[in-house]
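Structure below is upload-v9.json: JSON, C-alpha atoms.
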```json
[["chain", "number", "residue", "atom", "x", "y", "z"],
["A", 1, "MET", "CA", 66.27, 236.22, 196.31],
["A", 2, "THR", "CA", 63.28, 233.91, 196.02],
["A", 3, "ARG", "CA", 62.38, 231.72, 198.98],
["A", 4, "LEU", "CA", 59.90, 228.89, 198.77],
["A", 5, "THR", "CA", 58.56, 225.87, 200.52],
["A", 6, "ALA", "CA", 58.36, 223.20, 197.85],
["A", 7, "SER", "CA", 55.22, 221.21, 197.13],
["A", 8, "VAL", "CA", 54.22, 218.76, 194.45],
["A", 9, "ALA", "CA", 52.53, 221.47, 192.36],
["A", 10, "ASP", "CA", 55.37, 224.01, 192.50],
["A", 11, "TRP", "CA", 56.79, 223.07, 189.11],
["A", 12, "GLU", "CA", 53.37, 223.63, 187.54],
["A", 13, "ARG", "CA", 53.19, 227.12, 189.04],
["A", 14, "LEU", "CA", 56.62, 227.96, 187.64],
["A", 15, "TYR", "CA", 55.65, 226.47, 184.29],
["A", 16, "ALA", "CA", 52.47, 228.58, 184.08],
["A", 17, "ALA", "CA", 54.42, 231.74, 184.92],
["A", 18, "ALA", "CA", 57.00, 230.91, 182.26],
["A", 19, "ARG", "CA", 54.22, 230.46, 179.70],
["A", 20, "TYR", "CA", 52.81, 233.89, 180.58],
["A", 21, "HIS", "CA", 56.18, 235.63, 180.21],
["A", 22, "ALA", "CA", 57.03, 233.78, 176.98],
["A", 23, "ARG", "CA", 53.78, 234.79, 175.28],
["A", 24, "ALA", "CA", 54.16, 238.37, 176.52],
["A", 25, "ALA", "CA", 57.69, 238.54, 175.09],
["A", 26, "LEU", "CA", 56.40, 237.46, 171.67],
["A", 27, "GLU", "CA", 53.55, 239.98, 171.73],
["A", 28, "LEU", "CA", 55.89, 242.83, 172.68],
["A", 29, "LEU", "CA", 58.42, 241.82, 170.04],
["A", 30, "ASP", "CA", 55.80, 242.24, 167.32],
["A", 31, "GLN", "CA", 55.08, 245.83, 168.36],
["A", 32, "PRO", "CA", 57.01, 248.81, 166.94],
["A", 33, "TRP", "CA", 60.42, 248.89, 168.62],
["A", 34, "ASN", "CA", 61.07, 251.29, 171.46],
["A", 35, "GLU", "CA", 63.74, 251.25, 174.13],
["A", 36, "HIS", "CA", 61.59, 250.50, 177.16],
["A", 37, "ALA", "CA", 59.57, 247.80, 175.42],
["A", 38, "ALA", "CA", 62.86, 246.18, 174.35],
["A", 39, "LEU", "CA", 63.95, 246.08, 177.99],
["A", 40, "ASP", "CA", 60.68, 244.37, 178.88],
["A", 41, "VAL", "CA", 61.10, 241.79, 176.10],
["A", 42, "ALA", "CA", 64.58, 240.85, 177.35],
["A", 43, "ASN", "CA", 63.34, 240.72, 180.94],
["A", 44, "ARG", "CA", 60.42, 238.43, 180.08],
["A", 45, "ALA", "CA", 62.55, 236.20, 177.86],
["A", 46, "GLY", "CA", 65.05, 235.77, 180.69],
["A", 47, "ALA", "CA", 62.25, 235.06, 183.16],
["A", 48, "THR", "CA", 60.98, 232.34, 180.84],
["A", 49, "ILE", "CA", 64.38, 230.65, 180.78],
["A", 50, "GLU", "CA", 64.78, 230.80, 184.55],
["A", 51, "LEU", "CA", 61.28, 229.65, 185.41],
["A", 52, "LEU", "CA", 61.27, 226.75, 182.94],
["A", 53, "SER", "CA", 64.70, 225.58, 184.09],
["A", 54, "LYS", "CA", 63.60, 225.58, 187.71],
["A", 55, "ALA", "CA", 60.30, 223.90, 186.82],
["A", 56, "LEU", "CA", 62.17, 221.01, 185.23],
["A", 57, "LEU", "CA", 64.61, 220.74, 188.14],
["A", 58, "LEU", "CA", 61.77, 220.83, 190.63],
["A", 59, "ASN", "CA", 59.91, 218.21, 188.65],
["A", 60, "HIS", "CA", 62.88, 215.87, 189.19],
["A", 61, "ASP", "CA", 63.70, 216.70, 192.81],
["A", 62, "GLU", "CA", 63.09, 219.83, 194.87],
["A", 63, "ARG", "CA", 66.66, 219.72, 196.19],
["A", 64, "LEU", "CA", 68.01, 220.49, 192.71],
["A", 65, "ILE", "CA", 66.87, 224.10, 192.91],
["A", 66, "ALA", "CA", 68.31, 224.67, 196.39],
["A", 67, "ASP", "CA", 70.91, 227.39, 196.77],
["A", 68, "PRO", "CA", 74.46, 225.94, 197.06],
["A", 69, "SER", "CA", 74.72, 227.29, 200.60],
["A", 70, "THR", "CA", 72.23, 224.61, 201.69],
["A", 71, "VAL", "CA", 73.73, 221.76, 199.69],
["A", 72, "HIS", "CA", 75.05, 219.93, 202.76],
["A", 73, "GLN", "CA", 71.62, 219.97, 204.36],
["A", 74, "HIS", "CA", 70.15, 218.32, 201.29],
["A", 75, "LEU", "CA", 73.04, 215.89, 201.01],
["A", 76, "MET", "CA", 72.24, 214.86, 204.58],
["A", 77, "ASP", "CA", 68.59, 214.39, 203.58],
["A", 78, "ALA", "CA", 69.69, 212.07, 200.79],
["A", 79, "ILE", "CA", 71.98, 210.10, 203.08],
["A", 80, "VAL", "CA", 69.37, 209.55, 205.78],
["A", 81, "GLU", "CA", 66.51, 208.58, 203.46],
["A", 82, "ARG", "CA", 64.16, 206.12, 205.07],
["A", 83, "PRO", "CA", 64.40, 202.38, 204.33],
["A", 84, "ASP", "CA", 61.31, 202.59, 202.13],
["A", 85, "GLY", "CA", 63.18, 204.94, 199.79],
["A", 86, "ARG", "CA", 61.18, 208.04, 200.71],
["A", 87, "ALA", "CA", 63.02, 211.16, 201.81],
["A", 88, "SER", "CA", 63.01, 212.16, 205.46],
["A", 89, "GLU", "CA", 60.06, 214.31, 206.53],
["A", 90, "GLY", "CA", 62.40, 217.03, 207.76],
["A", 91, "LYS", "CA", 63.34, 217.92, 204.21],
["A", 92, "LYS", "CA", 59.84, 219.04, 203.36],
["A", 93, "ALA", "CA", 59.88, 221.71, 206.03],
["A", 94, "VAL", "CA", 63.16, 223.30, 204.92],
["A", 95, "ARG", "CA", 62.72, 226.79, 203.51],
["A", 96, "LYS", "CA", 65.42, 227.44, 200.97],
["A", 97, "GLN", "CA", 66.75, 229.86, 198.43],
["A", 98, "THR", "CA", 66.87, 228.87, 194.80],
["A", 99, "VAL", "CA", 69.84, 228.63, 192.46],
["A", 100, "ALA", "CA", 70.70, 231.47, 190.12],
["A", 101, "ALA", "CA", 69.27, 231.33, 186.59],
["A", 102, "GLY", "CA", 72.62, 230.56, 184.95],
["A", 103, "VAL", "CA", 73.24, 227.70, 187.36],
["A", 104, "ALA", "CA", 69.74, 226.34, 186.70],
["A", 105, "VAL", "CA", 70.47, 226.26, 182.96],
["A", 106, "GLU", "CA", 73.77, 224.48, 183.57],
["A", 107, "LEU", "CA", 71.93, 221.86, 185.61],
["A", 108, "VAL", "CA", 69.05, 221.20, 183.22],
["A", 109, "ARG", "CA", 71.36, 220.88, 180.23],
["A", 110, "ARG", "CA", 72.65, 217.70, 181.90],
["A", 111, "LEU", "CA", 69.17, 216.18, 181.93],
["A", 112, "ASP", "CA", 68.54, 216.01, 178.19],
["A", 113, "SER", "CA", 70.71, 216.28, 175.06],
["A", 114, "SER", "CA", 68.11, 218.46, 173.32],
["A", 115, "ILE", "CA", 68.27, 220.95, 176.18],
["A", 116, "ASP", "CA", 72.07, 220.84, 176.14],
["A", 117, "ALA", "CA", 72.03, 221.87, 172.48],
["A", 118, "ARG", "CA", 69.98, 224.97, 173.38],
["A", 119, "ALA", "CA", 71.76, 225.91, 176.62],
["A", 120, "ASP", "CA", 74.30, 228.39, 175.23],
["A", 121, "GLY", "CA", 71.48, 230.28, 173.55],
["A", 122, "ALA", "CA", 69.57, 230.28, 176.84],
["A", 123, "LYS", "CA", 72.55, 231.78, 178.64],
["A", 124, "LYS", "CA", 72.69, 234.59, 176.10],
["A", 125, "VAL", "CA", 69.07, 235.30, 176.92],
["A", 126, "ILE", "CA", 69.93, 235.49, 180.62],
["A", 127, "ALA", "CA", 72.82, 237.84, 179.87],
["A", 128, "ALA", "CA", 70.47, 240.09, 177.88],
["A", 129, "ARG", "CA", 67.98, 239.99, 180.76],
["A", 130, "ASN", "CA", 70.68, 240.98, 183.25],
["A", 131, "ASP", "CA", 71.82, 243.86, 181.04],
["A", 132, "ALA", "CA", 68.24, 245.06, 180.72],
["A", 133, "VAL", "CA", 67.35, 244.77, 184.40],
["A", 134, "HIS", "CA", 70.57, 246.02, 185.97],
["A", 135, "LEU", "CA", 71.94, 248.43, 183.36],
["A", 136, "ALA", "CA", 68.88, 249.34, 181.24],
["A", 137, "VAL", "CA", 70.73, 248.18, 178.11],
["A", 138, "ALA", "CA", 68.14, 247.73, 175.35],
["A", 139, "LEU", "CA", 68.85, 245.54, 172.34],
["A", 140, "HIS", "CA", 67.80, 246.71, 168.89],
["A", 141, "GLN", "CA", 65.29, 244.77, 166.82],
["A", 142, "ARG", "CA", 67.52, 242.13, 165.18],
["A", 143, "PRO", "CA", 69.55, 241.08, 168.24],
["A", 144, "LEU", "CA", 66.38, 241.27, 170.33],
["A", 145, "THR", "CA", 64.67, 238.92, 167.87],
["A", 146, "ASP", "CA", 67.64, 236.55, 168.14],
["A", 147, "VAL", "CA", 67.26, 236.56, 171.93],
["A", 148, "VAL", "CA", 63.56, 235.69, 171.70],
["A", 149, "VAL", "CA", 64.25, 232.91, 169.19],
["A", 150, "ALA", "CA", 66.87, 231.46, 171.53],
["A", 151, "MET", "CA", 64.30, 231.62, 174.32],
["A", 152, "THR", "CA", 61.67, 229.80, 172.25],
["A", 153, "ALA", "CA", 64.13, 227.10, 171.17],
["A", 154, "PHE", "CA", 65.22, 226.41, 174.75],
["A", 155, "ALA", "CA", 61.63, 226.52, 175.94],
["A", 156, "GLY", "CA", 60.63, 223.89, 173.37],
["A", 157, "ALA", "CA", 63.30, 221.48, 174.59],
["A", 158, "VAL", "CA", 62.25, 221.92, 178.24],
["A", 159, "ILE", "CA", 58.55, 221.59, 177.39],
["A", 160, "ASP", "CA", 59.32, 218.28, 175.69],
["A", 161, "ALA", "CA", 61.39, 217.11, 178.68],
["A", 162, "LEU", "CA", 58.45, 217.90, 180.95],
["A", 163, "LYS", "CA", 56.19, 215.95, 178.57],
["A", 164, "GLN", "CA", 53.96, 218.97, 178.10],
["A", 165, "SER", "CA", 52.30, 220.30, 174.94],
["A", 166, "ARG", "CA", 54.07, 222.96, 172.92],
["A", 167, "ALA", "CA", 50.74, 223.93, 171.40],
["A", 168, "ASP", "CA", 49.30, 224.50, 174.87],
["A", 169, "PHE", "CA", 52.35, 226.50, 175.99],
["A", 170, "TRP", "CA", 52.36, 228.83, 172.98],
["A", 171, "GLY", "CA", 48.65, 228.89, 172.22],
["A", 172, "THR", "CA", 47.89, 230.67, 168.95],
["A", 173, "ARG", "CA", 51.60, 231.51, 168.55],
["A", 174, "ALA", "CA", 52.71, 227.87, 168.23],
["A", 175, "GLY", "CA", 53.04, 227.94, 164.45],
["A", 176, "ASP", "CA", 54.79, 231.29, 164.53],
["A", 177, "VAL", "CA", 57.28, 230.04, 167.12],
["A", 178, "ALA", "CA", 58.14, 226.94, 165.09],
["A", 179, "GLN", "CA", 58.63, 229.06, 161.97],
["A", 180, "ARG", "CA", 60.84, 231.58, 163.78],
["A", 181, "ILE", "CA", 63.12, 228.81, 165.05],
["A", 182, "SER", "CA", 63.28, 227.11, 161.65],
["A", 183, "ASP", "CA", 64.05, 230.38, 159.83],
["A", 184, "PHE", "CA", 66.71, 231.39, 162.37],
["A", 185, "GLU", "CA", 68.48, 228.04, 162.22],
["A", 186, "ALA", "CA", 68.40, 227.98, 158.42],
["A", 187, "GLU", "CA", 69.75, 231.53, 158.19],
["A", 188, "THR", "CA", 72.47, 230.79, 160.72],
["A", 189, "SER", "CA", 73.58, 227.60, 158.96],
["A", 190, "VAL", "CA", 73.63, 229.27, 155.55],
["A", 191, "ALA", "CA", 75.57, 232.26, 156.89],
["A", 192, "ALA", "CA", 78.11, 230.01, 158.63],
["A", 193, "LYS", "CA", 78.75, 227.90, 155.53],
["A", 194, "ALA", "CA", 78.97, 231.01, 153.33],
["A", 195, "ALA", "CA", 81.54, 232.56, 155.69],
["A", 196, "VAL", "CA", 83.63, 229.37, 155.62],
["A", 197, "ASP", "CA", 83.46, 229.15, 151.81],
["A", 198, "ALA", "CA", 84.46, 232.82, 151.42],
["A", 199, "ALA", "CA", 87.39, 232.44, 153.83],
["A", 200, "ARG", "CA", 88.53, 229.28, 152.06],
["A", 201, "ARG", "CA", 88.52, 231.03, 148.65],
["A", 202, "LYS", "CA", 90.46, 233.94, 150.14],
["A", 203, "TYR", "CA", 93.03, 231.57, 151.63],
["A", 204, "GLU", "CA", 93.45, 229.56, 148.41],
["A", 205, "GLY", "CA", 93.81, 232.74, 146.35],
["A", 206, "ARG", "CA", 96.43, 234.10, 148.76],
["A", 207, "GLN", "CA", 98.34, 230.81, 148.66],
["A", 208, "ARG", "CA", 98.34, 230.73, 144.84],
["A", 209, "SER", "CA", 99.87, 234.21, 144.74],
["A", 210, "PHE", "CA", 103.03, 232.82, 146.37],
["A", 211, "SER", "CA", 104.33, 230.12, 144.04],
["A", 212, "ASP", "CA", 107.56, 229.64, 146.00],
["A", 213, "PRO", "CA", 106.92, 227.25, 148.95],
["A", 214, "GLU", "CA", 109.63, 228.91, 151.05],
["A", 215, "THR", "CA", 108.11, 232.35, 150.60],
["A", 216, "TRP", "CA", 104.64, 231.02, 151.37],
["A", 217, "ALA", "CA", 105.97, 229.41, 154.57],
["A", 218, "LYS", "CA", 107.30, 232.79, 155.71],
["A", 219, "VAL", "CA", 104.03, 234.52, 154.88],
["A", 220, "LEU", "CA", 102.11, 231.80, 156.71],
["A", 221, "ALA", "CA", 104.28, 232.24, 159.79],
["A", 222, "LEU", "CA", 103.56, 235.98, 159.79],
["A", 223, "LEU", "CA", 99.83, 235.37, 159.41],
["A", 224, "LEU", "CA", 99.75, 232.87, 162.27],
["A", 225, "ALA", "CA", 101.57, 235.35, 164.51],
["A", 226, "ARG", "CA", 98.98, 238.10, 163.96],
["A", 227, "GLU", "CA", 97.09, 239.35, 166.98],
["A", 228, "LEU", "CA", 93.40, 238.59, 166.74],
["A", 229, "PRO", "CA", 90.59, 240.98, 167.77],
["A", 230, "ILE", "CA", 89.41, 238.69, 170.57],
["A", 231, "THR", "CA", 88.05, 240.06, 173.82],
["A", 232, "SER", "CA", 86.80, 236.72, 175.17],
["A", 233, "GLU", "CA", 87.91, 235.82, 178.69],
["A", 234, "LEU", "CA", 88.44, 232.15, 177.80],
["A", 235, "LYS", "CA", 90.21, 230.95, 174.65],
["A", 236, "ALA", "CA", 91.17, 227.65, 173.04],
["A", 237, "SER", "CA", 92.58, 226.44, 169.74],
["A", 238, "VAL", "CA", 90.79, 224.47, 167.00],
["A", 239, "ASP", "CA", 91.48, 223.59, 163.39],
["A", 240, "CYS", "CA", 89.98, 226.28, 161.17],
["A", 241, "PRO", "CA", 87.07, 224.83, 159.16],
["A", 242, "ALA", "CA", 88.13, 226.96, 156.17],
["A", 243, "CYS", "CA", 91.93, 226.62, 155.94],
["A", 244, "SER", "CA", 92.76, 223.94, 158.55],
["A", 245, "HIS", "CA", 95.31, 226.15, 160.30],
["A", 246, "THR", "CA", 95.08, 227.00, 163.98],
["A", 247, "ALA", "CA", 92.10, 229.18, 164.81],
["A", 248, "THR", "CA", 90.90, 230.47, 168.18],
["A", 249, "VAL", "CA", 87.51, 229.99, 169.80],
["A", 250, "GLY", "CA", 86.44, 232.14, 172.71],
["A", 251, "TRP", "CA", 83.89, 232.21, 175.50],
["A", 252, "ASP", "CA", 82.65, 235.18, 177.47],
["A", 253, "VAL", "CA", 82.22, 234.73, 181.21],
["A", 254, "GLU", "CA", 78.99, 236.16, 182.59],
["A", 255, "GLY", "CA", 78.04, 236.41, 186.22],
["A", 256, "GLU", "CA", 75.05, 236.78, 188.48],
["A", 257, "ALA", "CA", 74.99, 238.04, 192.05],
["A", 258, "GLU", "CA", 72.40, 236.88, 194.56],
["A", 259, "ASP", "CA", 71.77, 238.99, 197.67],
["A", 260, "ASP", "CA", 71.04, 237.07, 200.89],
["A", 261, "HIS", "CA", 70.41, 239.68, 203.59],
["A", 262, "GLY", "CA", 73.32, 241.81, 202.44],
["A", 263, "GLU", "CA", 75.69, 238.93, 201.68],
["A", 264, "LEU", "CA", 76.36, 238.58, 197.95],
["A", 265, "THR", "CA", 77.00, 235.23, 196.31],
["A", 266, "TYR", "CA", 78.37, 235.28, 192.77],
["A", 267, "TYR", "CA", 77.73, 232.67, 190.08],
["A", 268, "ALA", "CA", 79.61, 232.51, 186.80],
["A", 269, "TYR", "CA", 78.71, 230.83, 183.52],
["A", 270, "THR", "CA", 80.17, 230.87, 180.02],
["A", 271, "ILE", "CA", 78.75, 231.87, 176.65],
["A", 272, "LEU", "CA", 80.30, 230.80, 173.36],
["A", 273, "ASP", "CA", 81.56, 233.99, 171.72],
["A", 274, "GLY", "CA", 82.84, 232.81, 168.33],
["A", 275, "LEU", "CA", 85.83, 231.77, 166.22],
["A", 276, "TRP", "CA", 88.66, 233.76, 164.63],
["A", 277, "CYS", "CA", 91.37, 232.56, 162.23],
["A", 278, "PRO", "CA", 94.49, 234.69, 161.64],
["A", 279, "VAL", "CA", 95.35, 232.99, 158.34],
["A", 280, "CYS", "CA", 92.15, 233.05, 156.27],
["A", 281, "GLU", "CA", 90.48, 235.72, 158.45],
["A", 282, "LEU", "CA", 87.37, 233.62, 159.06],
["A", 283, "GLN", "CA", 85.15, 235.04, 161.80],
["A", 284, "LEU", "CA", 82.08, 233.28, 163.15],
["A", 285, "ASP", "CA", 79.77, 234.30, 165.96],
["A", 286, "GLY", "CA", 78.65, 231.81, 168.58],
["A", 287, "GLU", "CA", 75.47, 230.72, 166.80],
["A", 288, "GLN", "CA", 77.30, 230.20, 163.50],
["A", 289, "LEU", "CA", 80.04, 228.23, 165.21],
["A", 290, "GLU", "CA", 77.49, 225.99, 166.92],
["A", 291, "ALA", "CA", 75.75, 225.43, 163.58],
["A", 292, "LEU", "CA", 78.98, 224.00, 162.11],
["A", 293, "ASP", "CA", 79.27, 221.45, 164.95],
["A", 294, "LEU", "CA", 83.07, 221.15, 164.71],
["A", 295, "GLU", "CA", 84.47, 217.74, 165.70],
["A", 296, "ASP", "CA", 87.48, 219.15, 167.58],
["A", 297, "MET", "CA", 85.52, 221.76, 169.52],
["A", 298, "PRO", "CA", 86.99, 221.78, 173.05],
["A", 299, "ASP", "CA", 84.89, 221.37, 176.19],
["A", 300, "VAL", "CA", 84.65, 224.73, 177.92],
["A", 301, "SER", "CA", 84.92, 223.02, 181.33],
["A", 302, "ASP", "CA", 88.36, 221.74, 180.37],
["A", 303, "VAL", "CA", 89.30, 225.20, 179.12],
["A", 304, "MET", "CA", 88.20, 226.77, 182.41],
["A", 305, "GLU", "CA", 90.19, 224.22, 184.41],
["A", 306, "ALA", "CA", 93.33, 224.80, 182.35],
["A", 307, "ASP", "CA", 92.89, 228.57, 182.63],
["A", 308, "ALA", "CA", 92.57, 228.34, 186.43],
["A", 309, "GLU", "CA", 95.67, 226.15, 186.68],
["A", 310, "ALA", "CA", 97.65, 228.59, 184.54],
["A", 311, "TYR", "CA", 96.48, 231.50, 186.69],
["A", 312, "TRP", "CA", 97.60, 229.93, 189.94],
["A", 313, "GLU", "CA", 100.86, 228.77, 188.43],
["A", 314, "ASP", "CA", 101.60, 232.36, 187.39],
["A", 315, "ARG", "CA", 100.75, 233.60, 190.89],
["A", 316, "LEU", "CA", 103.07, 231.03, 192.48],
["A", 317, "ASN", "CA", 105.88, 232.01, 190.12],
["A", 318, "GLU", "CA", 105.52, 235.61, 191.25],
["A", 319, "ILE", "CA", 106.17, 234.68, 194.88]]
```
As structure tokens, please, write out the structure in this file.
Amino acid sequence: MTRLTASVADWERLYAAARYHARAALELLDQPWNEHAALDVANRAGATIELLSKALLLNHDERLIADPSTVHQHLMDAIVERPDGRASEGKKAVRKQTVAAGVAVELVRRLDSSIDARADGAKKVIAARNDAVHLAVALHQRPLTDVVVAMTAFAGAVIDALKQSRADFWGTRAGDVAQRISDFEAETSVAAKAAVDAARRKYEGRQRSFSDPETWAKVLALLLARELPITSELKASVDCPACSHTATVGWDVEGEAEDDHGELTYYAYTILDGLWCPVCELQLDGEQLEALDLEDMPDVSDVMEADAEAYWEDRLNEI
């Protein structure tokens, strides 16, 4: 795990490293696909996300990138700040470990709404990086391209928050990056709306085939009771955007382990998986679901809290 002694220029060092990895990821992506190069692309894209997130946190306050195990030390620093508003000198000498990449993304998304809108994509990049680094799982060209586009979109939001120049960050690839993001978002939006329209037509056609309301009610009950092909760890209900019946949204839970002299600390974060409707059979992936921006989309934090409460209630009932 990385250790550092923070200084004023640290965020600039992280920013420059992120720029290097981001440009390298784009260059590798444009080469003919091969397994090992794909692993490198995912690794560099993930490094870009992590370094930019920590650069922005460090630009605000060095304590924001501190490992949670030192949080009380930094809380004490904040409490005993000097009367002139400056932090105590002791804080500057503290050597600390940094937060995991997923935690860094969760923190920076709270700093700016534009970053928040790109955070789920960033976490998918981190998951791809972890698969590449720890399991040598290489993505094929299309999903790998999606990962790089998610990286560039998140990077743009952080660059803006840092009040830096996108043109300087991307160099000669600036126009290409903007076009990639625009094309991806347009394709995703069109695909999402097409999927909703197709599911709606299928639902309306199925409903018309049962002219008797009582028969249709029985059919509807059977459809709603169908088991959906969902493997997501977290689930919640929403109104289906195609047929207005109850659909299910799911989130995958990803984790990172940090090794501190043989002691592992685990960090978990969620990634929007998609939507499934048992009635009209609409299926959307995470990007398509985000593109629709559903009004009744639940907050995953609330879903996690409810899931934890249900878990412990079940355990207590078993006693």
Just the residues within 12 Å of Leu223 in chain A, please, counting all atoms listed in the file, with nothing from its chain fewer than 2 positions along; format it as number ranges by chain.
-> A: 203, 206-207, 216-221, 225-228, 245-247, 277-281
Contact residues around range 14-21 of chain A with all atoms listed in the file at 8 Å, ignoring same-chain residues under 3 positions, as a PyMOL selection string | chain A and resi 10-11+24-25+44-45+47-49+51-52+54-55+169-170
CA of Val249 in chain A to CA of Ala101 in chain A: how many Å, to one decimal?
-> 24.8 Å
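For the residues A:Asp212, A:Asp112, A:Asp299, A:Asp285, ranking by smallest atom-to-atom distance to Thr270 in chain A using all atoms listed in the file places A:Asp299 first.
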What is the CA of Leu289 in chain A to CA of Ala195 in chain A distance in Å?
-> 10.6 Å
Using all atoms listed in the file, the shortest atom-to-atom distance to Ala199 in chain A among A:Leu316, A:Trp251, A:Trp276, A:Asp307 belongs to A:Trp276
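Considering the residues A:Gln97, A:Ser301, A:Thr152, A:Asn34 and counting all atoms listed in the file, Arg166 in chain A has its shortest atom-to-atom contact with A:Thr152.
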Output of range 278-289 of chain A limited to N, CA and C atoms, as a PDB file, in the first residue's frame:
```pdb
ATOM      1  N   PRO A 278     -40.259  -8.517 -15.135  1.00  0.00           N
ATOM      2  CA  PRO A 278     -40.815  -9.839 -15.426  1.00  0.00           C
ATOM      3  C   PRO A 278     -42.039  -9.794 -16.341  1.00  0.00           C
ATOM      4  N   VAL A 279     -42.657  -8.625 -16.461  1.00  0.00           N
ATOM      5  CA  VAL A 279     -43.904  -8.528 -17.223  1.00  0.00           C
ATOM      6  C   VAL A 279     -43.643  -8.273 -18.703  1.00  0.00           C
ATOM      7  N   CYS A 280     -42.897  -7.217 -19.008  1.00  0.00           N
ATOM      8  CA  CYS A 280     -42.638  -6.887 -20.426  1.00  0.00           C
ATOM      9  C   CYS A 280     -41.280  -7.396 -20.889  1.00  0.00           C
ATOM     10  N   GLU A 281     -40.508  -7.977 -19.958  1.00  0.00           N
ATOM     11  CA  GLU A 281     -39.198  -8.572 -20.230  1.00  0.00           C
ATOM     12  C   GLU A 281     -38.143  -7.548 -20.657  1.00  0.00           C
ATOM     13  N   LEU A 282     -38.334  -6.306 -20.224  1.00  0.00           N
ATOM     14  CA  LEU A 282     -37.313  -5.282 -20.465  1.00  0.00           C
ATOM     15  C   LEU A 282     -36.054  -5.615 -19.673  1.00  0.00           C
ATOM     16  N   GLN A 283     -34.900  -5.503 -20.323  1.00  0.00           N
ATOM     17  CA  GLN A 283     -33.614  -5.643 -19.660  1.00  0.00           C
ATOM     18  C   GLN A 283     -32.720  -4.486 -20.085  1.00  0.00           C
ATOM     19  N   LEU A 284     -32.135  -3.829 -19.123  1.00  0.00           N
ATOM     20  CA  LEU A 284     -31.224  -2.720 -19.375  1.00  0.00           C
ATOM     21  C   LEU A 284     -29.944  -2.953 -18.594  1.00  0.00           C
ATOM     22  N   ASP A 285     -28.801  -2.629 -19.191  1.00  0.00           N
ATOM     23  CA  ASP A 285     -27.567  -2.694 -18.423  1.00  0.00           C
ATOM     24  C   ASP A 285     -27.414  -1.404 -17.627  1.00  0.00           C
ATOM     25  N   GLY A 286     -26.366  -1.314 -16.837  1.00  0.00           N
ATOM     26  CA  GLY A 286     -26.200  -0.166 -15.961  1.00  0.00           C
ATOM     27  C   GLY A 286     -26.120   1.157 -16.694  1.00  0.00           C
ATOM     28  N   GLU A 287     -25.355   1.199 -17.792  1.00  0.00           N
ATOM     29  CA  GLU A 287     -25.214   2.450 -18.547  1.00  0.00           C
ATOM     30  C   GLU A 287     -26.543   2.887 -19.149  1.00  0.00           C
ATOM     31  N   GLN A 288     -27.302   1.928 -19.696  1.00  0.00           N
ATOM     32  CA  GLN A 288     -28.597   2.256 -20.284  1.00  0.00           C
ATOM     33  C   GLN A 288     -29.567   2.755 -19.223  1.00  0.00           C
ATOM     34  N   LEU A 289     -29.543   2.118 -18.061  1.00  0.00           N
ATOM     35  CA  LEU A 289     -30.425   2.532 -16.976  1.00  0.00           C
ATOM     36  C   LEU A 289     -30.079   3.945 -16.513  1.00  0.00           C
TER      37      LEU A 289
END
```
